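Text of structure_26.cif (mmCIF, C-alpha atoms) as supplied:
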data_start
loop_
_atom_site.group_PDB
_atom_site.id
_atom_site.type_symbol
_atom_site.label_atom_id
_atom_site.label_comp_id
_atom_site.auth_asym_id
_atom_site.auth_seq_id
_atom_site.Cartn_x
_atom_site.Cartn_y
_atom_site.Cartn_z
ATOM 1 C CA MET A 1 -5.746 9.880 14.699
ATOM 2 C CA THR A 2 -4.259 9.355 18.132
ATOM 3 C CA CYS A 3 -0.597 10.181 18.509
ATOM 4 C CA GLY A 4 -0.514 8.072 21.667
ATOM 5 C CA ASN A 5 -0.034 5.087 19.369
ATOM 6 C CA TYR A 6 3.611 5.909 18.964
ATOM 7 C CA PHE A 7 4.412 5.277 22.605
ATOM 8 C CA SER A 8 3.080 1.752 22.439
ATOM 9 C CA GLN A 9 5.148 1.041 19.334
ATOM 10 C CA GLN A 10 8.550 -0.455 19.480
ATOM 11 C CA GLN A 11 11.584 1.786 19.379
ATOM 12 C CA ARG A 12 13.374 1.009 16.153
ATOM 13 C CA THR A 13 16.981 1.068 17.325
ATOM 14 C CA PHE A 14 20.079 -1.079 17.527
ATOM 15 C CA ILE A 15 20.331 -4.124 19.750
ATOM 16 C CA GLN A 16 22.703 -3.179 22.553
ATOM 17 C CA MET A 17 23.519 -4.028 26.132
ATOM 18 C CA ARG A 18 20.401 -4.706 28.225
ATOM 19 C CA THR A 19 18.207 -5.337 25.174
ATOM 20 C CA VAL A 20 15.838 -8.207 25.863
ATOM 21 C CA LEU A 21 15.226 -10.453 22.891
ATOM 22 C CA LYS A 22 12.924 -13.346 22.165
ATOM 23 C CA VAL A 23 14.422 -16.747 21.438
ATOM 24 C CA VAL A 24 12.854 -18.508 18.478
ATOM 25 C CA ASP A 25 14.405 -21.930 18.569
ATOM 26 C CA ASN A 26 13.930 -24.988 20.758
ATOM 27 C CA SER A 27 17.182 -24.673 22.659
ATOM 28 C CA GLY A 28 15.312 -24.204 25.936
ATOM 29 C CA ALA A 29 15.728 -20.484 26.497
ATOM 30 C CA LYS A 30 12.781 -18.143 26.150
ATOM 31 C CA GLN A 31 14.280 -14.710 26.671
ATOM 32 C CA VAL A 32 17.835 -13.464 26.602
ATOM 33 C CA MET A 33 19.361 -10.143 27.451
ATOM 34 C CA CYS A 34 22.124 -8.824 25.252
ATOM 35 C CA ILE A 35 25.432 -8.291 26.991
ATOM 36 C CA GLN A 36 27.587 -7.316 24.080
ATOM 37 C CA ALA A 37 27.123 -6.713 20.381
ATOM 38 C CA LEU A 38 30.163 -8.288 18.790
ATOM 39 C CA LYS A 39 30.400 -6.055 15.764
ATOM 40 C CA GLY A 40 29.391 -2.443 15.557
ATOM 41 C CA LYS A 41 29.996 0.444 17.880
ATOM 42 C CA LYS A 42 26.373 1.414 18.305
ATOM 43 C CA GLY A 43 24.911 -2.053 18.514
ATOM 44 C CA ALA A 44 23.872 -5.132 16.614
ATOM 45 C CA ARG A 45 21.546 -5.182 13.656
ATOM 46 C CA LEU A 46 19.802 -7.838 11.624
ATOM 47 C CA GLY A 47 22.077 -10.817 11.002
ATOM 48 C CA ASP A 48 24.749 -9.895 13.569
ATOM 49 C CA THR A 49 25.977 -12.072 16.421
ATOM 50 C CA ILE A 50 25.672 -11.009 20.041
ATOM 51 C CA VAL A 51 26.688 -12.304 23.435
ATOM 52 C CA ALA A 52 23.661 -12.726 25.673
ATOM 53 C CA SER A 53 22.654 -13.942 29.094
ATOM 54 C CA VAL A 54 19.654 -16.219 29.422
ATOM 55 C CA LYS A 55 17.003 -14.559 31.537
ATOM 56 C CA GLU A 56 14.114 -16.962 31.139
ATOM 57 C CA ALA A 57 14.223 -20.611 30.167
ATOM 58 C CA HIS A 58 12.044 -23.681 29.811
ATOM 59 C CA PRO A 59 12.380 -25.998 32.832
ATOM 60 C CA ASN A 60 14.068 -28.848 30.976
ATOM 61 C CA GLY A 61 16.041 -27.475 28.073
ATOM 62 C CA LYS A 62 19.584 -27.587 26.842
ATOM 63 C CA VAL A 63 20.216 -24.078 28.135
ATOM 64 C CA LYS A 64 19.610 -22.967 31.701
ATOM 65 C CA LYS A 65 18.858 -19.580 33.155
ATOM 66 C CA GLY A 66 21.918 -17.442 33.796
ATOM 67 C CA LYS A 67 24.048 -19.028 31.105
ATOM 68 C CA VAL A 68 26.082 -16.796 28.825
ATOM 69 C CA VAL A 69 25.532 -17.712 25.183
ATOM 70 C CA TYR A 70 26.163 -16.462 21.694
ATOM 71 C CA ALA A 71 23.158 -15.639 19.556
ATOM 72 C CA VAL A 72 22.363 -14.552 16.002
ATOM 73 C CA VAL A 73 19.766 -11.841 15.450
ATOM 74 C CA VAL A 74 17.158 -13.183 13.050
ATOM 75 C CA ARG A 75 14.470 -10.519 13.376
ATOM 76 C CA ALA A 76 15.068 -6.878 14.137
ATOM 77 C CA ALA A 77 12.567 -4.074 14.506
ATOM 78 C CA MET A 78 15.102 -1.693 13.014
ATOM 79 C CA GLN A 79 15.119 -1.586 9.247
ATOM 80 C CA LYS A 80 18.070 -2.946 7.356
ATOM 81 C CA GLY A 81 19.022 -1.966 3.832
ATOM 82 C CA ARG A 82 19.151 -4.661 1.219
ATOM 83 C CA CYS A 83 21.491 -4.707 -1.755
ATOM 84 C CA ASP A 84 18.702 -3.790 -4.179
ATOM 85 C CA GLY A 85 18.073 -0.571 -2.278
ATOM 86 C CA SER A 86 14.955 -1.593 -0.379
ATOM 87 C CA GLN A 87 14.591 -1.687 3.397
ATOM 88 C CA VAL A 88 13.220 -4.539 5.505
ATOM 89 C CA ARG A 89 11.941 -4.474 9.029
ATOM 90 C CA PHE A 90 10.324 -7.064 11.239
ATOM 91 C CA ASP A 91 7.813 -6.846 14.029
ATOM 92 C CA ASP A 92 10.039 -7.768 16.958
ATOM 93 C CA ASN A 93 13.610 -8.568 18.023
ATOM 94 C CA ALA A 94 14.368 -12.266 17.934
ATOM 95 C CA VAL A 95 17.491 -14.428 18.161
ATOM 96 C CA VAL A 96 18.624 -17.979 17.594
ATOM 97 C CA LEU A 97 21.180 -19.333 20.041
ATOM 98 C CA VAL A 98 24.438 -20.552 18.550
ATOM 99 C CA ASP A 99 27.708 -21.919 19.829
ATOM 100 C CA LYS A 100 31.103 -20.327 19.368
ATOM 101 C CA GLN A 101 31.495 -21.843 15.904
ATOM 102 C CA GLY A 102 28.184 -20.406 14.752
ATOM 103 C CA GLN A 103 26.199 -23.647 14.663
ATOM 104 C CA PRO A 104 22.694 -23.389 16.153
ATOM 105 C CA ILE A 105 22.159 -25.145 19.487
ATOM 106 C CA GLY A 106 18.505 -25.924 18.851
ATOM 107 C CA THR A 107 17.051 -28.124 16.140
ATOM 108 C CA ARG A 108 14.094 -26.027 15.046
ATOM 109 C CA VAL A 109 13.579 -22.362 14.224
ATOM 110 C CA PHE A 110 10.158 -20.723 14.470
ATOM 111 C CA GLY A 111 8.852 -17.826 12.454
ATOM 112 C CA SER A 112 10.449 -16.153 9.474
ATOM 113 C CA VAL A 113 14.120 -15.375 8.977
ATOM 114 C CA PRO A 114 15.724 -12.975 6.513
ATOM 115 C CA HIS A 115 17.985 -14.155 3.746
ATOM 116 C CA GLU A 116 20.676 -11.780 5.001
ATOM 117 C CA LEU A 117 21.845 -14.814 6.982
ATOM 118 C CA ARG A 118 23.115 -16.460 3.819
ATOM 119 C CA LYS A 119 25.710 -13.768 3.347
ATOM 120 C CA LYS A 120 26.739 -14.079 6.978
ATOM 121 C CA LYS A 121 27.263 -17.800 6.443
ATOM 122 C CA HIS A 122 24.503 -18.961 8.811
ATOM 123 C CA VAL A 123 23.291 -21.492 6.310
ATOM 124 C CA LYS A 124 22.259 -24.023 8.960
ATOM 125 C CA ILE A 125 19.732 -21.591 10.428
ATOM 126 C CA LEU A 126 18.281 -20.980 6.986
ATOM 127 C CA THR A 127 17.771 -24.696 6.411
ATOM 128 C CA LEU A 128 16.010 -25.041 9.766
ATOM 129 C CA ALA A 129 13.798 -22.033 9.156
ATOM 130 C CA GLY A 130 10.141 -22.429 8.307
ATOM 131 C CA HIS A 131 9.878 -19.302 6.233
ATOM 132 C CA ILE A 132 12.493 -17.080 4.640
ATOM 133 C CA ALA A 133 11.466 -13.442 4.369
ATOM 134 C CA MET B 1 14.069 -7.252 -10.166
ATOM 135 C CA ARG B 2 10.356 -7.025 -9.628
ATOM 136 C CA LEU B 3 7.990 -4.069 -9.554
ATOM 137 C CA GLU B 4 5.780 -4.519 -6.528
ATOM 138 C CA LYS B 5 2.538 -2.842 -5.528
ATOM 139 C CA CYS B 6 2.284 -0.726 -2.421
ATOM 140 C CA TRP B 7 -0.038 -2.434 0.039
ATOM 141 C CA PHE B 8 -1.704 0.768 1.041
ATOM 142 C CA CYS B 9 -2.095 2.921 -2.057
ATOM 143 C CA SER B 10 -1.532 0.298 -4.793
ATOM 144 C CA SER B 11 1.047 2.332 -6.645
ATOM 145 C CA THR B 12 4.142 0.617 -8.031
ATOM 146 C CA VAL B 13 7.186 0.391 -5.807
ATOM 147 C CA TYR B 14 10.332 0.698 -7.890
ATOM 148 C CA PRO B 15 13.655 -0.781 -6.742
ATOM 149 C CA GLY B 16 15.379 1.335 -4.153
ATOM 150 C CA HIS B 17 12.177 2.822 -2.817
ATOM 151 C CA GLY B 18 10.026 2.100 0.158
ATOM 152 C CA ILE B 19 10.062 -0.238 3.116
ATOM 153 C CA GLN B 20 9.119 -3.876 3.376
ATOM 154 C CA PHE B 21 7.560 -4.898 6.669
ATOM 155 C CA VAL B 22 7.551 -8.581 7.594
ATOM 156 C CA ARG B 23 4.976 -9.455 10.203
ATOM 157 C CA ASN B 24 5.442 -12.392 12.570
ATOM 158 C CA ASP B 25 2.905 -14.462 10.680
ATOM 159 C CA ALA B 26 5.252 -14.122 7.667
ATOM 160 C CA LYS B 27 2.965 -11.767 5.755
ATOM 161 C CA ILE B 28 4.964 -9.152 3.871
ATOM 162 C CA PHE B 29 3.665 -5.605 3.485
ATOM 163 C CA ARG B 30 5.353 -3.366 0.966
ATOM 164 C CA PHE B 31 5.006 0.397 1.092
ATOM 165 C CA CYS B 32 5.963 2.881 -1.565
ATOM 166 C CA ARG B 33 6.742 5.750 0.794
ATOM 167 C CA SER B 34 6.602 6.702 4.441
ATOM 168 C CA LYS B 35 3.156 8.256 3.992
ATOM 169 C CA CYS B 36 1.650 4.841 3.309
ATOM 170 C CA HIS B 37 3.818 3.238 5.987
ATOM 171 C CA LYS B 38 2.695 5.710 8.636
ATOM 172 C CA ASN B 39 -0.936 5.282 7.686
ATOM 173 C CA PHE B 40 -0.489 1.548 8.062
ATOM 174 C CA LYS B 41 1.036 1.985 11.503
ATOM 175 C CA MET B 42 -1.972 4.105 12.461
ATOM 176 C CA LYS B 43 -4.042 1.064 11.527
ATOM 177 C CA ARG B 44 -6.031 2.906 8.889
ATOM 178 C CA ASN B 45 -8.048 0.837 6.483
ATOM 179 C CA PRO B 46 -7.030 1.696 2.906
ATOM 180 C CA ARG B 47 -10.596 1.080 1.754
ATOM 181 C CA LYS B 48 -11.653 4.092 3.757
ATOM 182 C CA VAL B 49 -8.823 6.437 2.880
ATOM 183 C CA LYS B 50 -9.932 8.540 -0.028
ATOM 184 C CA TRP B 51 -6.742 8.860 -2.058
ATOM 185 C CA THR B 52 -5.968 5.151 -2.304
ATOM 186 C CA LYS B 53 -6.753 2.963 -5.269
ATOM 187 C CA ALA B 54 -8.545 0.523 -2.971
ATOM 188 C CA TYR B 55 -11.070 3.205 -2.008
ATOM 189 C CA ARG B 56 -11.603 4.219 -5.605
ATOM 190 C CA ARG B 57 -12.238 0.669 -6.695
ATOM 191 C CA VAL B 58 -14.614 -0.088 -3.838
ATOM 192 C CA HIS B 59 -16.627 3.098 -4.442
ATOM 193 C CA GLY B 60 -16.836 2.637 -8.200
ATOM 194 C CA LYS B 61 -14.717 5.633 -9.096
ATOM 195 C CA ASP B 62 -12.249 3.532 -11.061
ATOM 196 C CA MET B 63 -12.640 0.541 -13.339
ATOM 197 C CA THR B 64 -12.668 -2.745 -11.429
ATOM 198 C CA GLN B 65 -12.982 -5.646 -13.847
ATOM 199 C CA ASP B 66 -11.245 -5.596 -17.159
ATOM 200 C CA SER B 67 -9.343 -8.040 -19.291
ATOM 201 C CA THR B 68 -6.305 -5.746 -19.348
ATOM 202 C CA PHE B 69 -5.799 -6.396 -15.635
ATOM 203 C CA GLU B 70 -5.234 -10.068 -16.345
ATOM 204 C CA PHE B 71 -1.850 -9.242 -17.835
ATOM 205 C CA GLU B 72 -0.662 -7.773 -14.571
ATOM 206 C CA ARG B 73 -1.526 -10.728 -12.352
ATOM 207 C CA LYS B 74 1.458 -12.084 -10.492
ATOM 208 C CA ARG B 75 2.850 -15.226 -12.002
ATOM 209 C CA ASN B 76 5.104 -17.396 -9.867
ATOM 210 C CA ARG B 77 6.283 -19.729 -12.563
ATOM 211 C CA PRO B 78 9.387 -18.466 -14.339
ATOM 212 C CA GLU B 79 9.222 -18.767 -18.094
ATOM 213 C CA ARG B 80 12.047 -20.322 -20.021
ATOM 214 C CA TYR B 81 13.775 -17.609 -21.960
ATOM 215 C CA ASP B 82 12.560 -17.450 -25.534
ATOM 216 C CA ARG B 83 13.756 -14.568 -27.629
ATOM 217 C CA ASN B 84 10.609 -14.369 -29.723
ATOM 218 C CA LEU B 85 8.370 -14.461 -26.682
ATOM 219 C CA ALA B 86 10.340 -11.730 -24.948
ATOM 220 C CA ASP B 87 10.239 -9.609 -28.086
ATOM 221 C CA ASN B 88 6.474 -10.000 -28.473
ATOM 222 C CA VAL B 89 5.892 -9.170 -24.844
ATOM 223 C CA LEU B 90 7.963 -6.013 -25.066
ATOM 224 C CA LYS B 91 5.979 -4.942 -28.102
ATOM 225 C CA ALA B 92 2.657 -5.728 -26.475
ATOM 226 C CA ILE B 93 3.236 -3.840 -23.219
ATOM 227 C CA PRO B 94 2.718 -0.282 -24.547
ATOM 228 C CA LYS B 95 -0.305 -1.400 -26.584
ATOM 229 C CA ILE B 96 -1.976 -2.925 -23.552
ATOM 230 C CA ASP B 97 -1.196 0.186 -21.547
ATOM 231 C CA LYS B 98 -2.811 2.384 -24.154
ATOM 232 C CA ILE B 99 -5.953 0.252 -24.223
ATOM 233 C CA ARG B 100 -6.188 0.203 -20.467
ATOM 234 C CA VAL B 101 -5.804 3.960 -20.203
ATOM 235 C CA SER B 102 -8.433 4.597 -22.883
ATOM 236 C CA ARG B 103 -10.872 2.260 -21.132
ATOM 237 C CA GLU B 104 -10.319 3.992 -17.843
ATOM 238 C CA GLU B 105 -10.934 7.357 -19.479
ATOM 239 C CA ARG B 106 -14.156 6.058 -20.964
ATOM 240 C CA HIS B 107 -15.265 4.824 -17.558
ATOM 241 C CA HIS B 108 -14.507 8.234 -16.078
ATOM 242 C CA LYS B 109 -16.401 10.030 -18.838
ATOM 243 C CA ASN B 110 -19.426 7.833 -18.332
ATOM 244 C CA ARG B 111 -19.368 8.665 -14.685
ATOM 245 C CA MET B 112 -19.196 12.401 -15.347
ATOM 246 C CA LYS B 113 -21.825 12.408 -18.127
ATOM 247 C CA GLU B 114 -24.660 14.109 -16.270
ATOM 248 C CA ASN B 115 -22.459 16.869 -14.947
ATOM 249 C CA GLU B 116 -22.555 18.893 -18.168
ATOM 250 C CA ALA B 117 -26.343 19.155 -18.359
ATOM 251 C CA LYS B 118 -26.503 19.862 -14.655
ATOM 252 C CA GLY B 119 -23.942 22.608 -15.036
ATOM 253 C CA GLN B 120 -25.946 24.227 -17.831
ATOM 254 C CA ARG B 121 -29.131 24.182 -15.776
ATOM 255 C CA GLU B 122 -27.429 25.704 -12.783
ATOM 256 C CA ALA B 123 -25.758 28.380 -14.880
ATOM 257 C CA LYS B 124 -29.065 29.334 -16.445
ATOM 258 C CA LYS B 125 -30.762 29.560 -13.073
ATOM 259 C CA GLU B 126 -27.982 31.694 -11.676
ATOM 260 C CA LEU B 127 -28.153 34.025 -14.663
ATOM 261 C CA GLU B 128 -31.879 34.530 -14.183
ATOM 262 C CA GLN B 129 -31.784 35.027 -10.465
ATOM 263 C CA SER B 130 -28.568 36.866 -9.792
ATOM 264 C CA ILE B 131 -28.235 39.073 -12.876
ATOM 265 C CA SER B 132 -28.751 42.025 -10.509
ATOM 266 C CA LEU B 133 -25.266 41.447 -9.144
ATOM 267 C CA VAL B 134 -23.836 42.291 -12.529
ATOM 268 C CA LYS B 135 -26.175 44.942 -13.943
ATOM 269 C CA ALA B 136 -28.781 47.160 -12.266
ATOM 270 C CA PRO B 137 -32.419 46.126 -12.949
ATOM 271 C CA SER B 138 -33.249 49.523 -14.405
ATOM 272 C CA ALA B 139 -30.513 49.095 -17.009
ATOM 273 C CA LEU B 140 -31.998 45.767 -17.988
ATOM 274 C CA GLN B 141 -35.407 47.266 -18.660
ATOM 275 C CA GLN B 142 -34.005 49.939 -20.907
ATOM 276 C CA ASP B 143 -31.854 47.582 -22.902
ATOM 277 C CA PRO B 144 -33.687 44.290 -23.250
ATOM 278 C CA SER B 145 -30.780 42.586 -25.027
ATOM 279 C CA LEU B 146 -29.063 42.067 -21.673
ATOM 280 C CA THR B 147 -31.657 39.575 -20.415
ATOM 281 C CA LEU B 148 -31.999 36.019 -21.460
ATOM 282 C CA PRO B 149 -34.357 35.508 -24.369
ATOM 283 C CA LYS B 150 -37.618 34.426 -22.832
ATOM 284 C CA THR B 151 -38.980 31.151 -24.113
ATOM 285 C CA ILE B 152 -42.117 31.636 -26.173
ATOM 286 C CA VAL B 153 -45.023 29.459 -25.084
ATOM 287 C CA LYS B 154 -47.448 28.646 -27.839
ATOM 288 C CA VAL B 155 -51.088 29.240 -26.955
ATOM 289 C CA SER B 156 -53.369 26.630 -28.439
ATOM 290 C CA GLN B 157 -55.681 27.584 -31.341
ATOM 291 C CA GLN B 158 -58.815 26.420 -29.495
ATOM 292 C CA LYS B 159 -59.224 29.705 -27.625
ATOM 293 C CA SER B 160 -60.013 31.735 -30.758
ATOM 294 C CA GLU B 161 -62.727 29.213 -31.601
ATOM 295 C CA GLU B 162 -64.223 29.473 -28.144
ATOM 296 C CA ASN B 163 -64.398 33.273 -28.174
ATOM 297 C CA PRO B 164 -66.860 33.608 -31.076
ATOM 298 C CA LEU B 165 -69.006 31.029 -29.265
ATOM 299 C CA MET B 166 -68.845 32.989 -26.031
ATOM 300 C CA GLU B 167 -69.682 36.247 -27.759
ATOM 301 C CA GLU B 168 -72.876 34.813 -28.839
#

Go ahead and express the file in the form of structure tokens.
Amino acid sequence: MTCGNYFSQQQRTFIQMRTVLKVVDNSGAKQVMCIQALKGKKGARLGDTIVASVKEAHPNGKVKKGKVVYAVVVRAAMQKGRCDGSQVRFDDNAVVLVDKQGQPIGTRVFGSVPHELRKKKHVKILTLAGHIA
Amino acid sequence: MRLEKCWFCSSTVYPGHGIQFVRNDAKIFRFCRSKCHKNFKMKRNPRKVKWTKAYRRVHGKDMTQDSTFEFERKRNRPERYDRNLADNVLKAIPKIDKIRVSREERHHKNRMKENEAKGQREAKKELEQSISLVKAPSALQQDPSLTLPKTIVKVSQQKSEENPLMEE
């Protein structure tokens, strides 16, 4: 089997400064770049909040390019331990934009979200989600 | 708590083991250990990987259809707790296991049935042909007990009748 596969795979690490993430709500942004992980010395993980700068946006959305926003990580390629001892990992790094109080800016969330968000009190995102992992 | 099946090798994943991978189309893959996980990342098809249960089922090495498998089907409706029901289920589980294991053994034995006769034939052939590796041919001639007893072929009685006729 080819070992070259590993280079095309995603690096399973923390979400830190300069990490580009996909936006999975309808707030208008498409891609954001992490500026700061609010908790954690090494970086943000699944369910954490980050400060990000919008790099790519839809032409007419609530959020414009260059804006500094808060965001909640809803999918992380790095595995996170669950309380029953198992580990979960997703396929990509994705965020949902929130305001300073933690309420989502958009009105829809695409894709699946983990139920780690319930513990972090992001209940609104869970209700908007289509699928809970 | 739920005992899941590994997506790759079909073994049970106990709590605290393995990794759960959620794909973007919301399909969840559970793996029992990193061996299965790495094989999945290499995009190997479990039906072609010899040590998985999927391969064994597809190639007829293991039992495929049996009524004992019905008990293990995933049920999404939670049952209301009934003490008698729970008690009966707990009693039934080892019995069902025993039956399933004995059926699988029977399946395996059926599969391996011809091997014994084949083994005997091959052993006999090897004894006849390669006996010189064990004992020298001259030793065999002196002591005939070392060879295999030759099978006696019965000659039909008709020959003795023909001979008097021919002598005439």

Problem set entry | Point (19.1, -18.2, 20.8), cut-off 12 Å, counting all atoms listed in the file, residues as a PyMOL selection string | chain A and resi 20-34+49-57+62-64+67-75+93-99+102-110+125

For this session: Compute the chain A side of the contact with chain B at 8 Å, counting only C-alpha atoms, and hand it back as a PyMOL selection string.
Result: chain A and resi 1+5+84-92+111-112+131+133

For this session: For Glu70 (chain B), please output as a PyMOL selection string all residues within 12 Å (counting all atoms listed in the file; exclusion window: fewer than 5 positions along the same chain).
Result: chain B and resi 64-65+75+96+100

Exercise. What separation in Å, quoted to one decimal, exists between CA of Gln16 (chain A) and CA of Asn60 (chain A)?
Worked result: 28.4 Å

Problem set entry | Chain and number of each residue from the PyMOL selection byres ((chain A and resi 46) around 6), as a list in words |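 On this input, the PyMOL selection byres ((chain A and resi 46) around 6) captures Arg45, Gly47, Asp48, Val73 and Ala76 of chain A.
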
Problem set entry | Separation of CA of Thr52 (chain B) from CA of Arg111 (chain B) in Å |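 Between CA of Arg111 (chain B) and CA of Thr52 (chain B) the gap is 18.6 Å.
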
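Computed from the coordinates, the CA of Thr68 (chain B) to CA of Arg33 (chain B) distance equals 26.6 Å.
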
Please write a file for region 74-98 of chain A, taken from the block I just shared, that holds C-alpha atoms and is laid out as a PDB file, in the first residue's frame.
ATOM      1  CA  VAL A  74     -18.077  22.048  15.694  1.00  0.00           C
ATOM      2  CA  ARG A  75     -15.934  19.571  13.770  1.00  0.00           C
ATOM      3  CA  ALA A  76     -12.294  18.851  14.419  1.00  0.00           C
ATOM      4  CA  ALA A  77      -9.982  16.449  12.645  1.00  0.00           C
ATOM      5  CA  MET A  78      -8.205  15.825  15.927  1.00  0.00           C
ATOM      6  CA  GLN A  79      -9.792  13.175  18.086  1.00  0.00           C
ATOM      7  CA  LYS A  80     -11.446  14.147  21.319  1.00  0.00           C
ATOM      8  CA  GLY A  81     -12.027  11.819  24.239  1.00  0.00           C
ATOM      9  CA  ARG A  82     -15.561  11.258  25.380  1.00  0.00           C
ATOM     10  CA  CYS A  83     -16.619  10.554  28.944  1.00  0.00           C
ATOM     11  CA  ASP A  84     -17.264   6.875  28.207  1.00  0.00           C
ATOM     12  CA  GLY A  85     -13.652   6.427  27.150  1.00  0.00           C
ATOM     13  CA  SER A  86     -14.122   6.406  23.388  1.00  0.00           C
ATOM     14  CA  GLN A  87     -12.567   8.858  20.946  1.00  0.00           C
ATOM     15  CA  VAL A  88     -14.330  10.782  18.181  1.00  0.00           C
ATOM     16  CA  ARG A  89     -12.868  12.466  15.166  1.00  0.00           C
ATOM     17  CA  PHE A  90     -14.387  14.205  12.187  1.00  0.00           C
ATOM     18  CA  ASP A  91     -13.283  14.608   8.617  1.00  0.00           C
ATOM     19  CA  ASP A  92     -12.491  18.317   8.613  1.00  0.00           C
ATOM     20  CA  ASN A  93     -12.246  21.450  10.769  1.00  0.00           C
ATOM     21  CA  ALA A  94     -15.455  23.439  10.829  1.00  0.00           C
ATOM     22  CA  VAL A  95     -16.849  26.329  12.875  1.00  0.00           C
ATOM     23  CA  VAL A  96     -20.091  28.136  13.531  1.00  0.00           C
ATOM     24  CA  LEU A  97     -19.854  31.889  13.996  1.00  0.00           C
ATOM     25  CA  VAL A  98     -21.164  33.253  17.275  1.00  0.00           C
TER      26      VAL A  98
END
